[in-house]
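Source file: work22.cif (mmCIF, N, CA and C atoms)
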data_data
loop_
_atom_site.label_atom_id
_atom_site.label_comp_id
_atom_site.auth_asym_id
_atom_site.auth_seq_id
_atom_site.Cartn_x
_atom_site.Cartn_y
_atom_site.Cartn_z
N MET A 1 -21.43 0.55 37.22
CA MET A 1 -20.33 -0.41 37.16
C MET A 1 -19.10 0.32 36.61
N MET A 2 -17.98 0.21 37.31
CA MET A 2 -16.74 0.89 36.91
C MET A 2 -15.81 -0.12 36.25
N ILE A 3 -15.14 0.32 35.21
CA ILE A 3 -14.20 -0.53 34.49
C ILE A 3 -12.81 -0.01 34.77
N ASN A 4 -11.93 -0.88 35.21
CA ASN A 4 -10.55 -0.48 35.46
C ASN A 4 -9.78 -0.60 34.15
N LEU A 5 -9.38 0.54 33.60
CA LEU A 5 -8.71 0.57 32.30
C LEU A 5 -7.36 -0.12 32.33
N GLU A 6 -6.62 0.02 33.42
CA GLU A 6 -5.30 -0.63 33.50
C GLU A 6 -5.44 -2.15 33.44
N LYS A 7 -6.43 -2.71 34.13
CA LYS A 7 -6.65 -4.17 34.07
C LYS A 7 -7.04 -4.59 32.66
N GLU A 8 -7.89 -3.79 32.01
CA GLU A 8 -8.30 -4.10 30.65
C GLU A 8 -7.10 -4.08 29.70
N MET A 9 -6.22 -3.11 29.84
CA MET A 9 -5.04 -3.01 28.98
C MET A 9 -4.10 -4.18 29.23
N GLN A 10 -3.93 -4.58 30.49
CA GLN A 10 -3.09 -5.74 30.79
C GLN A 10 -3.67 -6.99 30.18
N SER A 11 -5.00 -7.14 30.27
CA SER A 11 -5.67 -8.30 29.68
C SER A 11 -5.49 -8.31 28.16
N MET A 12 -5.63 -7.13 27.55
CA MET A 12 -5.45 -7.01 26.10
C MET A 12 -4.02 -7.34 25.69
N THR A 13 -3.07 -6.82 26.42
CA THR A 13 -1.66 -7.08 26.12
C THR A 13 -1.35 -8.56 26.27
N SER A 14 -1.88 -9.18 27.30
CA SER A 14 -1.67 -10.61 27.53
C SER A 14 -2.28 -11.44 26.40
N ALA A 15 -3.50 -11.09 25.98
CA ALA A 15 -4.17 -11.83 24.91
C ALA A 15 -3.42 -11.67 23.59
N SER A 16 -2.97 -10.45 23.28
CA SER A 16 -2.26 -10.25 22.02
C SER A 16 -0.92 -10.96 22.03
N ALA A 17 -0.24 -10.99 23.18
CA ALA A 17 1.03 -11.71 23.28
C ALA A 17 0.80 -13.21 23.07
N GLU A 18 -0.30 -13.72 23.61
CA GLU A 18 -0.61 -15.15 23.45
C GLU A 18 -0.88 -15.49 21.98
N VAL A 19 -1.63 -14.64 21.29
CA VAL A 19 -1.91 -14.88 19.87
C VAL A 19 -0.62 -14.83 19.06
N MET A 20 0.22 -13.83 19.32
CA MET A 20 1.48 -13.73 18.58
C MET A 20 2.40 -14.92 18.87
N ASN A 21 2.45 -15.37 20.11
CA ASN A 21 3.26 -16.55 20.44
C ASN A 21 2.76 -17.79 19.72
N LYS A 22 1.44 -17.96 19.65
CA LYS A 22 0.88 -19.12 18.95
C LYS A 22 1.20 -19.05 17.45
N MET A 23 1.08 -17.86 16.88
CA MET A 23 1.39 -17.72 15.45
C MET A 23 2.87 -17.98 15.19
N ALA A 24 3.73 -17.50 16.06
CA ALA A 24 5.17 -17.72 15.89
C ALA A 24 5.52 -19.19 16.06
N SER A 25 4.80 -19.90 16.93
CA SER A 25 5.11 -21.31 17.14
C SER A 25 4.73 -22.17 15.94
N ILE A 26 3.72 -21.75 15.18
CA ILE A 26 3.36 -22.54 14.01
C ILE A 26 4.10 -22.10 12.76
N ALA A 27 4.78 -20.96 12.81
CA ALA A 27 5.55 -20.48 11.66
C ALA A 27 6.89 -21.21 11.63
N SER A 28 6.90 -22.33 10.97
CA SER A 28 8.14 -23.11 10.89
C SER A 28 8.31 -23.63 9.47
N VAL A 29 9.42 -24.25 9.22
CA VAL A 29 9.72 -24.81 7.91
C VAL A 29 8.70 -25.88 7.53
N HIS A 30 8.05 -26.49 8.52
CA HIS A 30 7.07 -27.54 8.24
C HIS A 30 5.80 -26.98 7.59
N MET A 31 5.57 -25.67 7.73
CA MET A 31 4.42 -25.06 7.06
C MET A 31 4.71 -24.85 5.58
N VAL A 32 5.97 -24.68 5.22
CA VAL A 32 6.34 -24.39 3.84
C VAL A 32 6.66 -25.67 3.07
N PHE A 33 7.38 -26.58 3.70
CA PHE A 33 7.76 -27.84 3.05
C PHE A 33 7.01 -28.98 3.71
N GLY A 34 6.28 -29.76 2.90
CA GLY A 34 5.53 -30.91 3.42
C GLY A 34 6.43 -32.11 3.62
N GLU A 35 5.83 -33.16 4.14
CA GLU A 35 6.56 -34.41 4.35
C GLU A 35 6.95 -35.02 3.01
N PRO A 36 8.20 -35.44 2.86
CA PRO A 36 8.64 -36.07 1.61
C PRO A 36 7.88 -37.38 1.36
N VAL A 37 7.56 -37.61 0.09
CA VAL A 37 6.89 -38.84 -0.33
C VAL A 37 7.84 -39.57 -1.26
N GLN A 38 8.14 -40.84 -0.94
CA GLN A 38 9.07 -41.61 -1.76
C GLN A 38 8.33 -42.71 -2.51
N ARG A 39 8.59 -42.79 -3.82
CA ARG A 39 8.06 -43.85 -4.69
C ARG A 39 9.24 -44.37 -5.50
N GLY A 40 9.75 -45.53 -5.12
CA GLY A 40 10.91 -46.08 -5.81
C GLY A 40 12.12 -45.20 -5.59
N ASP A 41 12.77 -44.77 -6.69
CA ASP A 41 13.95 -43.90 -6.60
C ASP A 41 13.59 -42.41 -6.60
N THR A 42 12.30 -42.09 -6.63
CA THR A 42 11.86 -40.69 -6.70
C THR A 42 11.33 -40.22 -5.36
N VAL A 43 11.77 -39.03 -4.95
CA VAL A 43 11.27 -38.39 -3.73
C VAL A 43 10.63 -37.07 -4.13
N ILE A 44 9.40 -36.83 -3.64
CA ILE A 44 8.66 -35.60 -3.94
C ILE A 44 8.41 -34.86 -2.63
N ILE A 45 8.74 -33.56 -2.64
CA ILE A 45 8.51 -32.72 -1.46
C ILE A 45 7.59 -31.57 -1.87
N PRO A 46 6.37 -31.51 -1.29
CA PRO A 46 5.47 -30.40 -1.61
C PRO A 46 5.92 -29.10 -0.95
N CYS A 47 5.71 -27.97 -1.65
CA CYS A 47 6.09 -26.65 -1.14
C CYS A 47 4.86 -25.74 -1.17
N ALA A 48 4.75 -24.88 -0.17
CA ALA A 48 3.60 -23.98 -0.07
C ALA A 48 4.05 -22.55 0.22
N GLU A 49 3.20 -21.62 -0.14
CA GLU A 49 3.38 -20.21 0.24
C GLU A 49 2.50 -19.99 1.46
N VAL A 50 3.06 -19.40 2.50
CA VAL A 50 2.32 -19.20 3.75
C VAL A 50 2.29 -17.71 4.09
N SER A 51 1.10 -17.20 4.41
CA SER A 51 0.93 -15.80 4.82
C SER A 51 0.25 -15.77 6.18
N MET A 52 0.73 -14.87 7.03
CA MET A 52 0.13 -14.71 8.36
C MET A 52 -0.19 -13.24 8.58
N GLY A 53 -1.19 -12.99 9.39
CA GLY A 53 -1.53 -11.62 9.74
C GLY A 53 -2.25 -11.58 11.07
N GLY A 54 -2.25 -10.43 11.66
CA GLY A 54 -2.92 -10.30 12.95
C GLY A 54 -3.29 -8.86 13.21
N GLY A 55 -4.10 -8.68 14.23
CA GLY A 55 -4.50 -7.33 14.60
C GLY A 55 -5.07 -7.33 16.00
N MET A 56 -5.21 -6.14 16.54
CA MET A 56 -5.82 -6.01 17.86
C MET A 56 -6.52 -4.67 17.94
N GLY A 57 -7.40 -4.55 18.90
CA GLY A 57 -8.16 -3.32 19.08
C GLY A 57 -8.08 -2.86 20.53
N MET A 58 -8.84 -1.87 20.83
CA MET A 58 -8.86 -1.33 22.20
C MET A 58 -10.23 -0.72 22.40
N GLY A 59 -10.44 -0.09 23.50
CA GLY A 59 -11.74 0.51 23.77
C GLY A 59 -11.60 1.75 24.61
N GLY A 60 -12.71 2.26 25.06
CA GLY A 60 -12.71 3.46 25.87
C GLY A 60 -14.09 3.74 26.39
N GLY A 61 -14.26 4.94 26.88
CA GLY A 61 -15.52 5.36 27.45
C GLY A 61 -16.36 6.14 26.47
N PRO A 62 -17.42 6.76 26.97
CA PRO A 62 -18.35 7.45 26.09
C PRO A 62 -17.75 8.64 25.36
N ASN A 63 -16.75 9.30 25.94
CA ASN A 63 -16.14 10.43 25.25
C ASN A 63 -14.83 10.05 24.57
N GLY A 64 -14.47 8.77 24.58
CA GLY A 64 -13.25 8.31 23.92
C GLY A 64 -11.98 8.63 24.68
N ASN A 65 -12.08 9.15 25.88
CA ASN A 65 -10.91 9.51 26.67
C ASN A 65 -10.39 8.27 27.40
N THR A 66 -9.25 7.75 26.98
CA THR A 66 -8.69 6.55 27.62
C THR A 66 -7.64 6.92 28.66
N GLY A 67 -7.47 8.21 28.94
CA GLY A 67 -6.47 8.64 29.92
C GLY A 67 -6.98 8.53 31.35
N GLN A 68 -8.26 8.25 31.52
CA GLN A 68 -8.83 8.12 32.86
C GLN A 68 -8.46 6.76 33.45
N LYS A 69 -8.43 6.71 34.79
CA LYS A 69 -8.14 5.44 35.46
C LYS A 69 -9.36 4.52 35.42
N THR A 70 -10.55 5.07 35.60
CA THR A 70 -11.78 4.29 35.53
C THR A 70 -12.77 5.01 34.64
N LEU A 71 -13.63 4.27 34.02
CA LEU A 71 -14.62 4.83 33.12
C LEU A 71 -16.01 4.44 33.61
N PRO A 72 -16.99 5.34 33.57
CA PRO A 72 -18.33 5.00 34.04
C PRO A 72 -19.01 3.96 33.16
N VAL A 73 -18.84 4.02 31.86
CA VAL A 73 -19.41 3.04 30.93
C VAL A 73 -18.46 2.87 29.75
N GLY A 74 -18.70 1.86 29.01
CA GLY A 74 -17.89 1.62 27.82
C GLY A 74 -16.88 0.51 28.04
N LYS A 75 -16.44 -0.05 26.97
CA LYS A 75 -15.47 -1.13 27.05
C LYS A 75 -15.14 -1.53 25.62
N GLY A 76 -14.19 -2.33 25.45
CA GLY A 76 -13.87 -2.86 24.13
C GLY A 76 -12.50 -3.48 24.13
N THR A 77 -12.34 -4.51 23.42
CA THR A 77 -11.05 -5.15 23.19
C THR A 77 -11.18 -5.93 21.89
N GLY A 78 -10.19 -6.63 21.52
CA GLY A 78 -10.25 -7.48 20.35
C GLY A 78 -8.87 -7.89 19.89
N VAL A 79 -8.71 -9.16 19.64
CA VAL A 79 -7.46 -9.70 19.13
C VAL A 79 -7.82 -10.75 18.10
N GLY A 80 -7.10 -10.77 16.99
CA GLY A 80 -7.39 -11.78 15.98
C GLY A 80 -6.19 -12.01 15.09
N GLY A 81 -6.26 -13.06 14.35
CA GLY A 81 -5.18 -13.38 13.44
C GLY A 81 -5.61 -14.46 12.47
N GLY A 82 -4.80 -14.68 11.49
CA GLY A 82 -5.13 -15.71 10.52
C GLY A 82 -3.91 -16.18 9.76
N VAL A 83 -4.03 -17.36 9.21
CA VAL A 83 -2.96 -17.96 8.42
C VAL A 83 -3.58 -18.48 7.13
N ARG A 84 -2.90 -18.25 6.02
CA ARG A 84 -3.36 -18.76 4.73
C ARG A 84 -2.18 -19.43 4.04
N SER A 85 -2.44 -20.55 3.41
CA SER A 85 -1.37 -21.21 2.65
C SER A 85 -1.95 -21.75 1.35
N ARG A 86 -1.08 -21.88 0.36
CA ARG A 86 -1.48 -22.46 -0.92
C ARG A 86 -0.27 -23.17 -1.52
N PRO A 87 -0.51 -24.27 -2.21
CA PRO A 87 0.61 -24.99 -2.83
C PRO A 87 1.18 -24.19 -3.99
N ILE A 88 2.51 -24.16 -4.09
CA ILE A 88 3.13 -23.41 -5.19
C ILE A 88 4.06 -24.26 -6.05
N ALA A 89 4.61 -25.36 -5.49
CA ALA A 89 5.55 -26.18 -6.26
C ALA A 89 5.78 -27.51 -5.57
N VAL A 90 6.43 -28.41 -6.30
CA VAL A 90 6.94 -29.66 -5.71
C VAL A 90 8.39 -29.80 -6.11
N ILE A 91 9.19 -30.31 -5.21
CA ILE A 91 10.58 -30.61 -5.49
C ILE A 91 10.64 -32.10 -5.83
N VAL A 92 11.17 -32.41 -6.99
CA VAL A 92 11.25 -33.80 -7.44
C VAL A 92 12.73 -34.19 -7.47
N MET A 93 13.08 -35.21 -6.67
CA MET A 93 14.46 -35.70 -6.64
C MET A 93 14.49 -37.11 -7.21
N THR A 94 15.32 -37.28 -8.25
CA THR A 94 15.49 -38.59 -8.90
C THR A 94 16.99 -38.85 -9.00
N PRO A 95 17.39 -40.07 -9.36
CA PRO A 95 18.82 -40.34 -9.55
C PRO A 95 19.45 -39.44 -10.63
N GLU A 96 18.64 -38.93 -11.55
CA GLU A 96 19.14 -38.05 -12.61
C GLU A 96 19.36 -36.61 -12.13
N GLY A 97 18.77 -36.23 -11.01
CA GLY A 97 18.93 -34.86 -10.51
C GLY A 97 17.71 -34.37 -9.74
N VAL A 98 17.75 -33.08 -9.42
CA VAL A 98 16.68 -32.44 -8.66
C VAL A 98 16.08 -31.34 -9.53
N ARG A 99 14.73 -31.27 -9.55
CA ARG A 99 14.07 -30.19 -10.28
C ARG A 99 12.88 -29.69 -9.46
N VAL A 100 12.51 -28.45 -9.72
CA VAL A 100 11.36 -27.84 -9.05
C VAL A 100 10.26 -27.69 -10.09
N GLN A 101 9.11 -28.27 -9.82
CA GLN A 101 7.95 -28.19 -10.70
C GLN A 101 6.95 -27.21 -10.11
N PRO A 102 6.79 -26.02 -10.72
CA PRO A 102 5.80 -25.09 -10.19
C PRO A 102 4.38 -25.61 -10.39
N ILE A 103 3.50 -25.24 -9.49
CA ILE A 103 2.08 -25.58 -9.59
C ILE A 103 1.38 -24.34 -10.11
N MET A 104 0.74 -24.47 -11.25
CA MET A 104 0.07 -23.34 -11.89
C MET A 104 -1.29 -23.12 -11.22
N ASP A 105 -1.51 -21.89 -10.77
CA ASP A 105 -2.79 -21.51 -10.18
C ASP A 105 -3.65 -20.97 -11.32
N MET A 106 -4.48 -21.83 -11.89
CA MET A 106 -5.26 -21.46 -13.07
C MET A 106 -6.27 -20.35 -12.77
N THR A 107 -6.74 -20.25 -11.54
CA THR A 107 -7.66 -19.18 -11.20
C THR A 107 -6.99 -17.82 -11.35
N LYS A 108 -5.76 -17.70 -10.83
CA LYS A 108 -5.03 -16.44 -10.96
C LYS A 108 -4.69 -16.14 -12.42
N VAL A 109 -4.30 -17.15 -13.17
CA VAL A 109 -3.97 -16.95 -14.58
C VAL A 109 -5.21 -16.49 -15.35
N THR A 110 -6.34 -17.13 -15.11
CA THR A 110 -7.58 -16.77 -15.78
C THR A 110 -8.00 -15.35 -15.44
N LEU A 111 -7.92 -14.99 -14.16
CA LEU A 111 -8.27 -13.63 -13.75
C LEU A 111 -7.34 -12.60 -14.38
N ALA A 112 -6.06 -12.89 -14.45
CA ALA A 112 -5.11 -11.97 -15.06
C ALA A 112 -5.40 -11.78 -16.55
N VAL A 113 -5.70 -12.86 -17.26
CA VAL A 113 -6.01 -12.77 -18.69
C VAL A 113 -7.31 -11.97 -18.88
N PHE A 114 -8.32 -12.27 -18.10
CA PHE A 114 -9.60 -11.57 -18.20
C PHE A 114 -9.44 -10.08 -17.91
N THR A 115 -8.71 -9.74 -16.84
CA THR A 115 -8.49 -8.34 -16.48
C THR A 115 -7.73 -7.60 -17.57
N THR A 116 -6.70 -8.22 -18.12
CA THR A 116 -5.93 -7.60 -19.20
C THR A 116 -6.79 -7.38 -20.43
N ALA A 117 -7.61 -8.37 -20.78
CA ALA A 117 -8.47 -8.25 -21.96
C ALA A 117 -9.48 -7.11 -21.79
N VAL A 118 -10.09 -7.01 -20.62
CA VAL A 118 -11.05 -5.93 -20.37
C VAL A 118 -10.36 -4.57 -20.43
N PHE A 119 -9.18 -4.45 -19.82
CA PHE A 119 -8.44 -3.20 -19.85
C PHE A 119 -8.11 -2.79 -21.29
N MET A 120 -7.65 -3.74 -22.08
CA MET A 120 -7.30 -3.44 -23.47
C MET A 120 -8.54 -3.04 -24.28
N LEU A 121 -9.67 -3.68 -24.04
CA LEU A 121 -10.91 -3.36 -24.72
C LEU A 121 -11.36 -1.93 -24.38
N VAL A 122 -11.28 -1.57 -23.11
CA VAL A 122 -11.65 -0.22 -22.67
C VAL A 122 -10.74 0.81 -23.33
N GLN A 123 -9.44 0.57 -23.33
CA GLN A 123 -8.50 1.51 -23.93
C GLN A 123 -8.72 1.63 -25.44
N LEU A 124 -8.96 0.53 -26.11
CA LEU A 124 -9.22 0.55 -27.55
C LEU A 124 -10.49 1.34 -27.85
N THR A 125 -11.54 1.13 -27.05
CA THR A 125 -12.79 1.87 -27.22
C THR A 125 -12.57 3.36 -27.04
N ARG A 126 -11.82 3.76 -26.04
CA ARG A 126 -11.52 5.18 -25.82
C ARG A 126 -10.75 5.76 -27.01
N PHE A 127 -9.79 5.01 -27.48
CA PHE A 127 -8.98 5.48 -28.61
C PHE A 127 -9.84 5.68 -29.85
N LEU A 128 -10.70 4.71 -30.16
CA LEU A 128 -11.54 4.80 -31.35
C LEU A 128 -12.56 5.92 -31.23
N ARG A 129 -13.13 6.14 -30.06
CA ARG A 129 -14.10 7.22 -29.86
C ARG A 129 -13.44 8.59 -30.01
N SER A 130 -12.24 8.73 -29.50
CA SER A 130 -11.58 10.03 -29.59
C SER A 130 -11.10 10.31 -31.01
N ASP A 131 -10.93 9.32 -31.84
CA ASP A 131 -10.44 9.49 -33.20
C ASP A 131 -11.59 9.75 -34.18
N ARG A 132 -12.83 9.42 -33.83
CA ARG A 132 -13.98 9.50 -34.74
C ARG A 132 -14.28 10.92 -35.21
N GLY A 133 -14.30 11.85 -34.31
CA GLY A 133 -14.69 13.21 -34.66
C GLY A 133 -13.58 14.00 -35.31
N GLY A 134 -12.48 13.40 -35.59
CA GLY A 134 -11.36 14.11 -36.19
C GLY A 134 -10.72 15.08 -35.21
N LYS A 135 -10.95 14.86 -33.95
CA LYS A 135 -10.43 15.75 -32.92
C LYS A 135 -8.96 15.50 -32.61
N ARG A 136 -8.49 14.35 -32.97
CA ARG A 136 -7.09 14.03 -32.68
C ARG A 136 -6.19 14.78 -33.64
N LYS A 137 -5.14 15.33 -33.11
CA LYS A 137 -4.17 16.03 -33.94
C LYS A 137 -3.12 15.04 -34.40
N ALA A 138 -2.62 15.25 -35.58
CA ALA A 138 -1.57 14.40 -36.10
C ALA A 138 -0.29 14.64 -35.28
N VAL A 139 0.36 13.58 -34.92
CA VAL A 139 1.58 13.67 -34.15
C VAL A 139 2.76 13.62 -35.10
N SER A 140 3.64 14.60 -35.01
CA SER A 140 4.79 14.65 -35.88
C SER A 140 6.01 14.18 -35.11
N LEU A 141 6.78 13.33 -35.73
CA LEU A 141 7.98 12.81 -35.09
C LEU A 141 9.21 13.63 -35.49
N GLN A 142 9.03 14.63 -36.35
CA GLN A 142 10.15 15.45 -36.77
C GLN A 142 10.42 16.52 -35.72
N THR A 143 11.68 16.85 -35.54
CA THR A 143 12.04 17.90 -34.60
C THR A 143 12.36 19.17 -35.38
N LYS A 144 12.06 20.28 -34.76
CA LYS A 144 12.35 21.57 -35.40
C LYS A 144 13.80 21.92 -35.21
N LYS A 145 14.40 22.54 -36.24
CA LYS A 145 15.81 22.94 -36.16
C LYS A 145 15.92 24.41 -35.96
#
Show me, as structure tokens, the structure contained in the file I just sent.
Amino acid sequence: MMINLEKEMQSMTSASAEVMNKMASIASVHMVFGEPVQRGDTVIIPCAEVSMGGGMGMGGGPNGNTGQKTLPVGKGTGVGGGVRSRPIAVIVMTPEGVRVQPIMDMTKVTLAVFTTAVFMLVQLTRFLRSDRGGKRKAVSLQTKK
């Protein structure tokens, strides 16, 4: 069975263009700002952080040479993408004014505190171990004249 590489490349290009067009069509202000919610004189607008990514692959024959017009065996393609969003704030509008209320991501805060504490513990342990044997030299802040 012979595989026509030019047809495969056209198919791959077409598929990747379709994925990129779909991602571009959903990348709008509506992904970042939600529908306003009104309660009395107060209007709340949710806000999100949106990330998009994509990728594609290709293929070839048994020796990896893609310069041939047809290949005796082998094949490969691949197109993919993804979107991730998370709430980051709400805009609160009242007769008194407009304010932005950030949404605290406690998971990130907890991980940052834990990582910092572990790093500081490791550094303190290294410092104390190197000072035990009297191997550390005294550091002088005086300059020679």
Would you work out the distance separating atom N of A:Ser14 from atom CA of A:Gly59, expressed in Å to one decimal? 14.3 Å
Run the PyMOL selection byres ((chain A and resi 50) around 6) on the file and write out the hits as a list in words.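 For this structure, the PyMOL selection byres ((chain A and resi 50) around 6) resolves to Ala48, Glu49, Ser51, Met52, Arg84, Ser85 and Arg86 of chain A.
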What is the atom C of A:Gly80-atom C of A:Gly55 distance in Å, reported with one decimal? 4.9 Å
Output check: residues returned by the PyMOL selection byres (((chain A and resi 100 and name CA) around 6) and name CA), as an MDAnalysis selection string: chainID A and resid 90:91 99 101
Considering only strand (DSSP E or B) as DSSP defines it on the backbone, what residues of stretch 65-131 of chain A qualify? List them as a ChimeraX atom specification. /A:70-71,79-94,97-102
Grab the residues selected above and save them as a PDB file, in the coordinates of the input with N, CA and C atoms.
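Generated output (selection_34.pdb):
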ATOM      1  N   THR A  70     -10.550   5.070  35.600  1.00  0.00           N
ATOM      2  CA  THR A  70     -11.780   4.290  35.530  1.00  0.00           C
ATOM      3  C   THR A  70     -12.770   5.010  34.640  1.00  0.00           C
ATOM      4  N   LEU A  71     -13.630   4.270  34.020  1.00  0.00           N
ATOM      5  CA  LEU A  71     -14.620   4.830  33.120  1.00  0.00           C
ATOM      6  C   LEU A  71     -16.010   4.440  33.610  1.00  0.00           C
ATOM      7  N   VAL A  79      -8.710  -9.160  19.640  1.00  0.00           N
ATOM      8  CA  VAL A  79      -7.460  -9.700  19.130  1.00  0.00           C
ATOM      9  C   VAL A  79      -7.820 -10.750  18.100  1.00  0.00           C
ATOM     10  N   GLY A  80      -7.100 -10.770  16.990  1.00  0.00           N
ATOM     11  CA  GLY A  80      -7.390 -11.780  15.980  1.00  0.00           C
ATOM     12  C   GLY A  80      -6.190 -12.010  15.090  1.00  0.00           C
ATOM     13  N   GLY A  81      -6.260 -13.060  14.350  1.00  0.00           N
ATOM     14  CA  GLY A  81      -5.180 -13.380  13.440  1.00  0.00           C
ATOM     15  C   GLY A  81      -5.610 -14.460  12.470  1.00  0.00           C
ATOM     16  N   GLY A  82      -4.800 -14.680  11.490  1.00  0.00           N
ATOM     17  CA  GLY A  82      -5.130 -15.710  10.520  1.00  0.00           C
ATOM     18  C   GLY A  82      -3.910 -16.180   9.760  1.00  0.00           C
ATOM     19  N   VAL A  83      -4.030 -17.360   9.210  1.00  0.00           N
ATOM     20  CA  VAL A  83      -2.960 -17.960   8.420  1.00  0.00           C
ATOM     21  C   VAL A  83      -3.580 -18.480   7.130  1.00  0.00           C
ATOM     22  N   ARG A  84      -2.900 -18.250   6.020  1.00  0.00           N
ATOM     23  CA  ARG A  84      -3.360 -18.760   4.730  1.00  0.00           C
ATOM     24  C   ARG A  84      -2.180 -19.430   4.040  1.00  0.00           C
ATOM     25  N   SER A  85      -2.440 -20.550   3.410  1.00  0.00           N
ATOM     26  CA  SER A  85      -1.370 -21.210   2.650  1.00  0.00           C
ATOM     27  C   SER A  85      -1.950 -21.750   1.350  1.00  0.00           C
ATOM     28  N   ARG A  86      -1.080 -21.880   0.360  1.00  0.00           N
ATOM     29  CA  ARG A  86      -1.480 -22.460  -0.920  1.00  0.00           C
ATOM     30  C   ARG A  86      -0.270 -23.170  -1.520  1.00  0.00           C
ATOM     31  N   PRO A  87      -0.510 -24.270  -2.210  1.00  0.00           N
ATOM     32  CA  PRO A  87       0.610 -24.990  -2.830  1.00  0.00           C
ATOM     33  C   PRO A  87       1.180 -24.190  -3.990  1.00  0.00           C
ATOM     34  N   ILE A  88       2.510 -24.160  -4.090  1.00  0.00           N
ATOM     35  CA  ILE A  88       3.130 -23.410  -5.190  1.00  0.00           C
ATOM     36  C   ILE A  88       4.060 -24.260  -6.050  1.00  0.00           C
ATOM     37  N   ALA A  89       4.610 -25.360  -5.490  1.00  0.00           N
ATOM     38  CA  ALA A  89       5.550 -26.180  -6.260  1.00  0.00           C
ATOM     39  C   ALA A  89       5.780 -27.510  -5.570  1.00  0.00           C
ATOM     40  N   VAL A  90       6.430 -28.410  -6.300  1.00  0.00           N
ATOM     41  CA  VAL A  90       6.940 -29.660  -5.710  1.00  0.00           C
ATOM     42  C   VAL A  90       8.390 -29.800  -6.110  1.00  0.00           C
ATOM     43  N   ILE A  91       9.190 -30.310  -5.210  1.00  0.00           N
ATOM     44  CA  ILE A  91      10.580 -30.610  -5.490  1.00  0.00           C
ATOM     45  C   ILE A  91      10.640 -32.100  -5.830  1.00  0.00           C
ATOM     46  N   VAL A  92      11.170 -32.410  -6.990  1.00  0.00           N
ATOM     47  CA  VAL A  92      11.250 -33.800  -7.440  1.00  0.00           C
ATOM     48  C   VAL A  92      12.730 -34.190  -7.470  1.00  0.00           C
ATOM     49  N   MET A  93      13.080 -35.210  -6.670  1.00  0.00           N
ATOM     50  CA  MET A  93      14.460 -35.700  -6.640  1.00  0.00           C
ATOM     51  C   MET A  93      14.490 -37.110  -7.210  1.00  0.00           C
ATOM     52  N   THR A  94      15.320 -37.280  -8.250  1.00  0.00           N
ATOM     53  CA  THR A  94      15.490 -38.590  -8.900  1.00  0.00           C
ATOM     54  C   THR A  94      16.990 -38.850  -9.000  1.00  0.00           C
ATOM     55  N   GLY A  97      18.770 -36.230 -11.010  1.00  0.00           N
ATOM     56  CA  GLY A  97      18.930 -34.860 -10.510  1.00  0.00           C
ATOM     57  C   GLY A  97      17.710 -34.370  -9.740  1.00  0.00           C
ATOM     58  N   VAL A  98      17.750 -33.080  -9.420  1.00  0.00           N
ATOM     59  CA  VAL A  98      16.680 -32.440  -8.660  1.00  0.00           C
ATOM     60  C   VAL A  98      16.080 -31.340  -9.530  1.00  0.00           C
ATOM     61  N   ARG A  99      14.730 -31.270  -9.550  1.00  0.00           N
ATOM     62  CA  ARG A  99      14.070 -30.190 -10.280  1.00  0.00           C
ATOM     63  C   ARG A  99      12.880 -29.690  -9.460  1.00  0.00           C
ATOM     64  N   VAL A 100      12.510 -28.450  -9.720  1.00  0.00           N
ATOM     65  CA  VAL A 100      11.360 -27.840  -9.050  1.00  0.00           C
ATOM     66  C   VAL A 100      10.260 -27.690 -10.090  1.00  0.00           C
ATOM     67  N   GLN A 101       9.110 -28.270  -9.820  1.00  0.00           N
ATOM     68  CA  GLN A 101       7.950 -28.190 -10.700  1.00  0.00           C
ATOM     69  C   GLN A 101       6.950 -27.210 -10.110  1.00  0.00           C
ATOM     70  N   PRO A 102       6.790 -26.020 -10.720  1.00  0.00           N
ATOM     71  CA  PRO A 102       5.800 -25.090 -10.190  1.00  0.00           C
ATOM     72  C   PRO A 102       4.380 -25.610 -10.390  1.00  0.00           C
TER      73      PRO A 102
END
